[in-house]
file structure-v2.cif (mmCIF, C-alpha atoms)
data_start
loop_
_atom_site.label_atom_id
_atom_site.label_comp_id
_atom_site.auth_asym_id
_atom_site.auth_seq_id
_atom_site.Cartn_x
_atom_site.Cartn_y
_atom_site.Cartn_z
CA MET A 1 0.00 0.00 0.00
CA ARG A 2 1.18 3.48 -0.80
CA PHE A 3 0.86 6.28 1.72
CA MET A 4 1.51 10.00 1.51
CA ILE A 5 2.93 11.80 4.51
CA ILE A 6 1.74 15.37 4.06
CA ARG A 7 3.69 17.96 6.04
CA LYS A 8 1.55 20.96 6.90
CA SER A 9 3.05 24.40 6.48
CA ASP A 10 3.75 26.82 9.31
CA ALA A 11 4.65 30.50 9.68
CA ASN A 12 8.40 29.82 9.54
CA MET A 13 8.14 27.76 6.36
CA GLU A 14 6.01 30.45 4.75
CA THR A 15 8.87 32.95 5.16
CA GLY A 16 10.79 30.95 2.57
CA ALA A 17 13.60 30.22 5.02
CA LEU A 18 15.50 27.10 4.05
CA PRO A 19 16.34 24.45 6.65
CA ASP A 20 19.69 24.83 8.38
CA LYS A 21 22.55 22.44 7.70
CA ASN A 22 21.80 20.25 10.75
CA LEU A 23 18.14 19.77 9.87
CA LEU A 24 19.05 19.14 6.25
CA ALA A 25 21.48 16.42 7.34
CA ALA A 26 18.87 14.85 9.64
CA VAL A 27 16.26 14.85 6.88
CA GLY A 28 18.82 13.39 4.48
CA GLN A 29 19.52 10.55 6.91
CA TYR A 30 15.76 10.01 7.35
CA TYR A 31 15.37 9.68 3.57
CA GLN A 32 18.38 7.36 3.41
CA ASP A 33 16.85 5.15 6.12
CA MET A 34 13.66 4.91 4.06
CA ARG A 35 15.67 4.14 0.89
CA ASP A 36 17.61 1.45 2.75
CA ALA A 37 14.33 -0.05 3.97
CA GLY A 38 12.97 0.03 0.40
CA VAL A 39 9.89 2.09 1.30
CA LEU A 40 10.66 5.56 -0.15
CA LEU A 41 8.95 6.36 -3.45
CA ALA A 42 9.25 10.17 -3.51
CA GLY A 43 9.62 13.22 -1.33
CA GLU A 44 9.59 16.93 -2.08
CA TRP A 45 9.43 20.29 -0.30
CA LEU A 46 7.27 23.05 -1.69
CA ARG A 47 7.96 26.76 -2.00
CA PRO A 48 5.96 29.17 0.18
CA THR A 49 2.45 30.12 -0.90
CA ALA A 50 3.63 33.67 -1.73
CA LYS A 51 5.05 32.10 -4.90
CA SER A 52 1.95 30.12 -5.79
CA ALA A 53 -1.58 30.36 -7.07
CA ARG A 54 -4.83 28.64 -6.19
CA ILE A 55 -7.53 27.76 -8.71
CA VAL A 56 -11.03 27.97 -7.29
CA ALA A 57 -13.80 26.34 -9.33
CA SER A 58 -17.44 26.94 -8.55
CA GLN A 59 -20.70 26.98 -10.49
CA GLY A 60 -19.00 26.30 -13.82
CA LYS A 61 -16.43 29.09 -13.42
CA GLN A 62 -12.78 29.27 -12.40
CA ALA A 63 -10.90 31.97 -10.53
CA VAL A 64 -7.16 32.17 -9.96
CA VAL A 65 -6.07 33.53 -6.60
CA ASP A 66 -2.44 34.49 -6.12
CA GLY A 67 -0.68 33.65 -2.85
CA PRO A 68 0.23 34.09 -0.13
CA PHE A 69 -2.51 32.20 1.64
CA THR A 70 -3.21 32.93 5.28
CA GLU A 71 -4.92 29.71 6.34
CA LEU A 72 -1.72 27.74 7.00
CA LYS A 73 -3.63 24.79 8.42
CA GLU A 74 -4.90 24.23 4.86
CA VAL A 75 -1.51 24.52 3.18
CA ILE A 76 1.07 21.78 2.68
CA ALA A 77 4.80 22.38 2.82
CA GLY A 78 5.86 19.08 1.30
CA PHE A 79 5.19 15.39 1.02
CA ILE A 80 6.78 11.99 1.23
CA MET A 81 5.38 9.01 -0.64
CA ILE A 82 6.14 5.59 0.84
CA GLU A 83 5.06 2.02 0.21
CA VAL A 84 4.49 -0.02 3.35
CA PRO A 85 2.08 -2.81 4.34
CA SER A 86 -0.15 -0.82 6.73
CA LEU A 87 -1.26 2.56 8.06
CA GLU A 88 0.46 1.72 11.33
CA GLU A 89 3.80 1.26 9.54
CA ALA A 90 3.28 4.52 7.62
CA VAL A 91 2.62 6.34 10.90
CA ARG A 92 5.81 4.84 12.38
CA TRP A 93 7.83 6.25 9.46
CA ALA A 94 6.09 9.64 9.69
CA ARG A 95 6.85 9.91 13.41
CA ARG A 96 10.56 9.52 12.65
CA CYS A 97 10.59 12.65 10.45
CA PRO A 98 13.09 15.17 11.89
CA THR A 99 10.65 18.04 11.28
CA LEU A 100 8.06 16.33 13.50
CA THR A 101 10.10 15.86 16.68
CA GLY A 102 8.07 18.34 18.73
CA VAL A 103 10.88 20.89 18.96
CA ILE A 104 8.64 23.21 16.94
CA ASP A 105 4.88 23.06 16.53
CA ALA A 106 4.25 21.02 13.40
CA GLN A 107 1.82 18.51 12.02
CA ALA A 108 1.49 16.03 9.21
CA GLU A 109 -1.22 13.82 7.80
CA VAL A 110 -0.71 10.21 6.75
CA ARG A 111 -3.13 9.20 4.01
CA GLN A 112 -3.40 6.06 1.95
CA VAL A 113 -3.22 6.50 -1.82
CA LEU A 114 -6.06 5.04 -3.86
CA GLU A 115 -5.07 1.99 -5.92
CA ALA A 116 -6.58 0.78 -9.18
CA ALA A 117 -8.22 -2.11 -7.33
CA ASP A 118 -10.16 0.41 -5.19
CA PHE A 119 -12.19 1.55 -8.23
CA PRO A 120 -15.17 -0.25 -9.80
CA ALA A 121 -14.26 -2.65 -12.61
CA ASP A 122 -15.84 -0.41 -15.26
CA CYS A 123 -13.27 2.32 -14.44
CA THR A 124 -10.23 0.13 -15.01
CA GLU A 125 -9.69 0.96 -18.69
CA ALA A 126 -9.80 4.71 -18.01
CA LEU A 127 -7.23 4.26 -15.21
CA THR A 128 -4.68 2.92 -17.72
CA LEU A 129 -4.34 6.56 -18.86
CA HIS A 130 -3.73 7.88 -15.32
CA ALA A 131 -0.78 10.22 -14.73
CA SER A 132 0.57 7.89 -12.05
CA LYS A 133 2.64 5.16 -13.69
CA THR A 134 1.80 2.92 -10.74
CA MET A 135 -1.96 3.44 -11.13
CA ALA A 136 -1.80 2.92 -14.91
CA ALA A 137 0.35 -0.23 -14.61
CA ASP A 138 -1.90 -1.68 -11.91
CA ALA A 139 -4.96 -1.03 -14.08
CA GLU A 140 -3.24 -2.75 -17.03
CA LYS A 141 -2.56 -5.80 -14.83
CA ILE A 142 -6.20 -5.91 -13.73
CA LEU A 143 -7.37 -5.74 -17.34
CA ARG A 144 -4.98 -8.54 -18.40
CA THR A 145 -6.08 -10.84 -15.58
CA THR A 146 -9.80 -10.20 -16.07
CA THR A 147 -9.75 -10.65 -19.85
CA VAL A 148 -7.60 -13.82 -19.64
CA ALA A 149 -9.63 -15.43 -16.85
#
call {"tool": "encode", "arguments": {"input": "structure-v2.cif", "output": "structure tokens"}}
result
Amino acid sequence: MRFMIIRKSDANMETGALPDKNLLAAVGQYYQDMRDAGVLLAGEWLRPTAKSARIVASQGKQAVVDGPFTELKEVIAGFIMIEVPSLEEAVRWARRCPTLTGVIDAQAEVRQVLEAADFPADCTEALTLHASKTMAADAEKILRTTTVA
């Protein structure tokens, strides 16, 4: 199962300040531990919302709102994608993140990623065109096994 660890933003991160050398080294070791365990799929930090835009769609119309955004509890600062057998294991990895030690106020969400098998069978063909190579490949496998069987 794939899980995304979503690091919420905070006032310090929104200033655009980069992590210091010690935190960078700790995060690097954290990523290396996940690589060594074979669970890390991806991980990225995001720029502050002052350098971003939000698209709001409502009633058939779109509006583009330039950052910064003030509701930090609704903003993410980065993510890590891992593949582990359970939510409990994903939470264990998230708790090891050096930015979530409790030294500063911070929070993250751990959410399972939808898989092709989670969708109804009549959606499988459309999922083969999904942007995620994993989702598309899984959908292809499902189609091959259901048409052969």
call {"tool": "atom_distance", "arguments": {"input": "structure-v2.cif", "atom1": "atom CA of A:Ala57", "atom2": "atom CA of A:Val113"}}
result
23.7 Å
call {"tool": "closest_residue", "arguments": {"input": "structure-v2.cif", "among": "A:Cys123, A:Cys97, A:Ala131, A:Ile104", "to": "A:Leu24", "atoms": "all atoms listed in the file"}}
result
A:Cys97
call {"tool": "residues_around", "arguments": {"input": "structure-v2.cif", "residues": "A:Pro120", "least_positions_apart": "5", "cutoff": "12 Å", "atoms": "all atoms listed in the file", "output": "ChimeraX atom specification"}}
result
/A:115,125-127,139,142
call {"tool": "atom_distance", "arguments": {"input": "structure-v2.cif", "atom1": "atom CA of A:Ile76", "atom2": "atom CA of A:Thr134"}}
result
23.2 Å
call {"tool": "closest_residue", "arguments": {"input": "structure-v2.cif", "among": "A:Gly38, A:Gly16, A:Gly60, A:Gly78", "to": "A:Met4", "atoms": "all atoms listed in the file"}}
result
A:Gly78
call {"tool": "atom_distance", "arguments": {"input": "structure-v2.cif", "atom1": "atom CA of A:Thr101", "atom2": "atom CA of A:Leu23"}}
result
11.2 Å
call {"tool": "closest_residue", "arguments": {"input": "structure-v2.cif", "among": "A:Lys133, A:Tyr31, A:Lys21, A:Ser52", "to": "A:Arg96", "atoms": "only C-alpha atoms"}}
result
A:Tyr31
call {"tool": "closest_residue", "arguments": {"input": "structure-v2.cif", "among": "A:Val103, A:Ala37, A:Ala108, A:Leu143", "to": "A:Asp122", "atoms": "all atoms listed in the file"}}
result
A:Leu143
call {"tool": "resolve_selection", "arguments": {"input": "structure-v2.cif", "expression": "the PyMOL selection byres ((chain A and resi 85) around 10)", "output": "list of chain:residue names"}}
result
A:Met1, A:Arg2, A:Phe3, A:Val39, A:Ile82, A:Glu83, A:Val84, A:Ser86, A:Leu87, A:Glu88, A:Glu89, A:Ala90
call {"tool": "closest_residue", "arguments": {"input": "structure-v2.cif", "among": "A:Ala50, A:Asp20, A:Trp93, A:Asp10", "to": "A:Arg35", "atoms": "all atoms listed in the file"}}
result
A:Trp93
call {"tool": "resolve_selection", "arguments": {"input": "structure-v2.cif", "expression": "the PyMOL selection byres ((chain A and resi 110) around 6)", "output": "list in words"}}
result
Met4, Ile5, Glu109 and Arg111 of chain A
call {"tool": "residues_near_point", "arguments": {"input": "structure-v2.cif", "point": "(-4.0, 22.0, -2.1)", "cutoff": "10 Å", "atoms": "only C-alpha atoms", "output": "PDB file with C-alpha atoms, keeping the file's coordinate frame"}}
result
ATOM      1  CA  ARG A  54      -4.830  28.640  -6.190  1.00  0.00           C
ATOM      2  CA  ILE A  55      -7.530  27.760  -8.710  1.00  0.00           C
ATOM      3  CA  GLU A  74      -4.900  24.230   4.860  1.00  0.00           C
ATOM      4  CA  VAL A  75      -1.510  24.520   3.180  1.00  0.00           C
ATOM      5  CA  ILE A  76       1.070  21.780   2.680  1.00  0.00           C
TER       6      ILE A  76
END
call {"tool": "residues_around", "arguments": {"input": "structure-v2.cif", "residues": "A:Thr99", "least_positions_apart": "5", "cutoff": "9 Å", "atoms": "only C-alpha atoms", "output": "list in words"}}
result
Arg7, Leu23, Ala26, Val27, Ile104, Ala106 and Gln107 of chain A
call {"tool": "residues_near_point", "arguments": {"input": "structure-v2.cif", "point": "(5.5, 25.5, 0.0)", "cutoff": "12 Å", "atoms": "all atoms listed in the file", "output": "ChimeraX atom specification"}}
result
/A:6-18,44-53,67-69,72,74-79
call {"tool": "resolve_selection", "arguments": {"input": "structure-v2.cif", "expression": "the PyMOL selection byres ((chain A and resi 116) around 6)", "output": "list of chain:residue names"}}
result
A:Glu115, A:Ala117, A:Asp118, A:Phe119, A:Met135, A:Asp138, A:Ala139
call {"tool": "closest_residue", "arguments": {"input": "structure-v2.cif", "among": "A:Tyr30, A:Ala137, A:Val65, A:Ala42", "to": "A:Leu100", "atoms": "only C-alpha atoms"}}
result
A:Tyr30
